Each structure stands twice: as C-alpha cells, then as structure tokens.
Amino acid sequence: MALKREPEKHANHERWLVSYADFITLLFAVFTTLYAMSQTDKKKVEEVMQSLQQSFGMVSAGAPSPKINVIPSKQMSIIPMIKPEISISQGSRRGQAKTRAEEKDFRQIKSSIEAYLTKQGAQNKVSLTITRRGLIVSLKEAGFFDSGQAQIKPEAYDLINTIAEAMTQYNNPLRLEGHTDNIPISNAQFPSNWELSTARAVNGLKYLIKHFDVDPNRISATGYAEFRPVADNATPEGRAKNRRVDLVMLSGDGERGEP
C-alpha cells in the first residue's frame, strides 16, 4: 500500500520581519542606554564645573560671589568698599589717569557714602554736604578721635578707607581742616585748640598719602580751632558737632578761592 504523502508547505517569505523587529528592538535599547549614560555624564560634568567655579570664587550671573579666605579669619582684616570690593595697598593706583569730579560726581559720591553709612549704622559719625566750594565730608570727633587726642581710632579705619576710596578716584584737590569746640585745652602735647585741630588734620593727611593715590601737591591740612563752628557752642550737642575734621574735595570754584 503506497504511503500517503503530506502536502508541501509553502515557503514563508515574511520570516525576516521577526528578525528585523528583534534588531530594531535591540537597537532602540542600545540608543536608550547610550542617551541615559550621556545625560548622567552631563549632570556629573555640570556638578564638577560648579564645584570648580565655587572653589575659585566664580558663580553664574546674578548670584553673589562667595568670599574666599586663604588666611585664617582671625588674621584677616577685610576693608569694606562701596563698589566692587578691593583691598587697599600703598600706591595701588599710582600713575593711573584720573578725571576731575564735577557736581554730578559729587552727588554720586555723596549718595554712595551715605548708603554705606546707613548699611553700617554710622550715620551719626559722618555728615556730608555739597556747596559751591565742593564736597565736604565731616568726620565727627566721637567716631574718629578720643577726646583731647589727635590719633585716629583703629576702629575708624574702615570708614576712612571707604570714604577715601570713593574720593581719591578723582584728581580734585583735597583739604583736611581740623575744628574744635570752644572748651580750652592746655597740656604738654596741645597747648591750645590750635595745635589739637591742626594735629588731627595732619594725621588724616598723612594717612591718605600713605595708603591712597593722593598727590602731595594737591592735598593740604590746616587747623581752625574753635573759630569756624557749625553749631552753637552753648549746648553739648552743638559742641559735639563742632569737634570734627572736614575732608573737603574742592570744586573748580573752590580751588580758585583757595590761597
């Protein structure tokens, strides 16, 4: 009896689709993995960059720059400034070209110093006025000198540095003028208020020449004792206002009126 033959199966010409689908699936998985790896590396790179920027005091725009102490804080003295912070060193600006301050510059300097005084709570130590003579910064005795003494208080240096930095950016002549109240003084060091007022002005002058770019030919010091008061010496408050050293930044008219 002849064996019954099974009918031939037709060739499946679409089997390649199965392999192609598997290939596409594997390819998608590979690219997904690569993308995930690249995003992780990018995040790590950004973290490393931010760490380096912070280490070198660099930050992105809009963020405050961190301060870096390379010296133990107890040994480090930071001098605050009005504008971008800079450390003051003798002759740091020597030889640089300067311009002459005009009335609008006086107003800007005055506003900057007053803003700093407000921030430091030192409004009662300094007063500022603008006259035809120029910008007058009055350093009151209570904030800068001990009673009957001509040496500047160490704790007053930050205020003086801030004021001087703002004013010495220009080449206007400067005058330091010492004033006292009408209470007489008489000792071995200061026989009268003339000597005390003049000594305070001279000490301020020496400090500016030593630590700032001040041309000695364009700065002077004088003492007026009690003879140019700004308030009534009959009251303690008035006498306190009269005990001062005026740092005067002369205008053109003010300079022409000087001897």
# chains A, B, ... in the order shown; residues from 1 in each chain; ligands from 1

$ residues_around --residues "Gly143 (chain A)" --least-positions-apart "2" --cutoff "10 Å" --atoms "only C-alpha atoms" --output "list in words"
Ala122, Asn124, Lys125, Val126, Leu139, Lys140, Glu141, Phe145, Asp146, Ile152, Lys153, Glu155, Ala156, Leu159 and Arg244 of chain A

$ write_last_selection --atoms "C-alpha atoms" --output "PDB file, in the first residue's frame"
ATOM      1  CA  ALA A 122      27.263 105.026  61.181  1.00  0.00           C
ATOM      2  CA  ASN A 124      25.878 109.802  63.339  1.00  0.00           C
ATOM      3  CA  LYS A 125      29.638 109.648  62.756  1.00  0.00           C
ATOM      4  CA  VAL A 126      29.830 111.396  59.378  1.00  0.00           C
ATOM      5  CA  LEU A 139      34.317 113.306  60.368  1.00  0.00           C
ATOM      6  CA  LYS A 140      32.915 113.845  63.839  1.00  0.00           C
ATOM      7  CA  GLU A 141      35.249 113.538  66.802  1.00  0.00           C
ATOM      8  CA  PHE A 145      39.205 110.525  67.786  1.00  0.00           C
ATOM      9  CA  ASP A 146      39.340 110.147  71.526  1.00  0.00           C
ATOM     10  CA  ILE A 152      42.792 108.211  64.589  1.00  0.00           C
ATOM     11  CA  LYS A 153      40.961 105.398  66.362  1.00  0.00           C
ATOM     12  CA  GLU A 155      38.144 101.075  64.639  1.00  0.00           C
ATOM     13  CA  ALA A 156      37.585 104.118  62.424  1.00  0.00           C
ATOM     14  CA  LEU A 159      35.038 104.217  57.489  1.00  0.00           C
ATOM     15  CA  ARG A 244      35.281 117.498  63.668  1.00  0.00           C
TER      16      ARG A 244
END

$ select_by_dssp --residues "region 91-217 of chain A" --states "strand (DSSP E or B)" --output "PyMOL selection string"
chain A and resi 99+126-131+134-140+145+152+170+174-179

$ residues_around --residues "Ser251 (chain A)" --least-positions-apart "6" --cutoff "8 Å" --atoms "only C-alpha atoms" --output "JSON, numbers by chain"
{"A": [101, 102, 103, 132, 133, 134, 135, 172]}

$ write_last_selection --atoms "N, CA and C atoms" --output "PDB file, in the first residue's frame"
ATOM      1  N   ALA A 101      36.327 115.507  39.254  1.00  0.00           N
ATOM      2  CA  ALA A 101      34.935 115.358  39.641  1.00  0.00           C
ATOM      3  C   ALA A 101      34.194 116.680  39.478  1.00  0.00           C
ATOM      4  N   GLU A 102      32.999 116.583  38.922  1.00  0.00           N
ATOM      5  CA  GLU A 102      32.120 117.739  38.804  1.00  0.00           C
ATOM      6  C   GLU A 102      30.940 117.569  39.758  1.00  0.00           C
ATOM      7  N   GLU A 103      29.967 118.455  39.666  1.00  0.00           N
ATOM      8  CA  GLU A 103      28.862 118.440  40.620  1.00  0.00           C
ATOM      9  C   GLU A 103      28.110 117.115  40.606  1.00  0.00           C
ATOM     10  N   ARG A 132      29.177 125.263  46.979  1.00  0.00           N
ATOM     11  CA  ARG A 132      29.902 125.787  45.826  1.00  0.00           C
ATOM     12  C   ARG A 132      31.392 125.481  45.935  1.00  0.00           C
ATOM     13  N   ARG A 133      31.840 125.320  47.161  1.00  0.00           N
ATOM     14  CA  ARG A 133      33.248 125.012  47.397  1.00  0.00           C
ATOM     15  C   ARG A 133      33.599 123.580  47.008  1.00  0.00           C
ATOM     16  N   GLY A 134      32.615 122.676  47.077  1.00  0.00           N
ATOM     17  CA  GLY A 134      32.844 121.278  46.723  1.00  0.00           C
ATOM     18  C   GLY A 134      32.102 120.345  47.656  1.00  0.00           C
ATOM     19  N   LEU A 135      32.600 119.107  47.767  1.00  0.00           N
ATOM     20  CA  LEU A 135      32.015 118.096  48.639  1.00  0.00           C
ATOM     21  C   LEU A 135      32.743 118.134  49.986  1.00  0.00           C
ATOM     22  N   ASN A 172      40.682 115.877  42.082  1.00  0.00           N
ATOM     23  CA  ASN A 172      40.387 117.167  42.707  1.00  0.00           C
ATOM     24  C   ASN A 172      41.300 117.395  43.912  1.00  0.00           C
TER      25      ASN A 172
END

$ residues_around --residues "Ser127 (chain A)" --least-positions-apart "3" --cutoff "12 Å" --atoms "only C-alpha atoms" --output "VMD selection string"
chain A and resid 110 to 111 113 to 114 117 to 118 122 to 124 130 135 to 141 143 163 230 241 to 242 244 to 248

$ atom_distance --atom1 "CA of Asn203 (chain A)" --atom2 "CA of Gln151 (chain A)"
6.9 Å
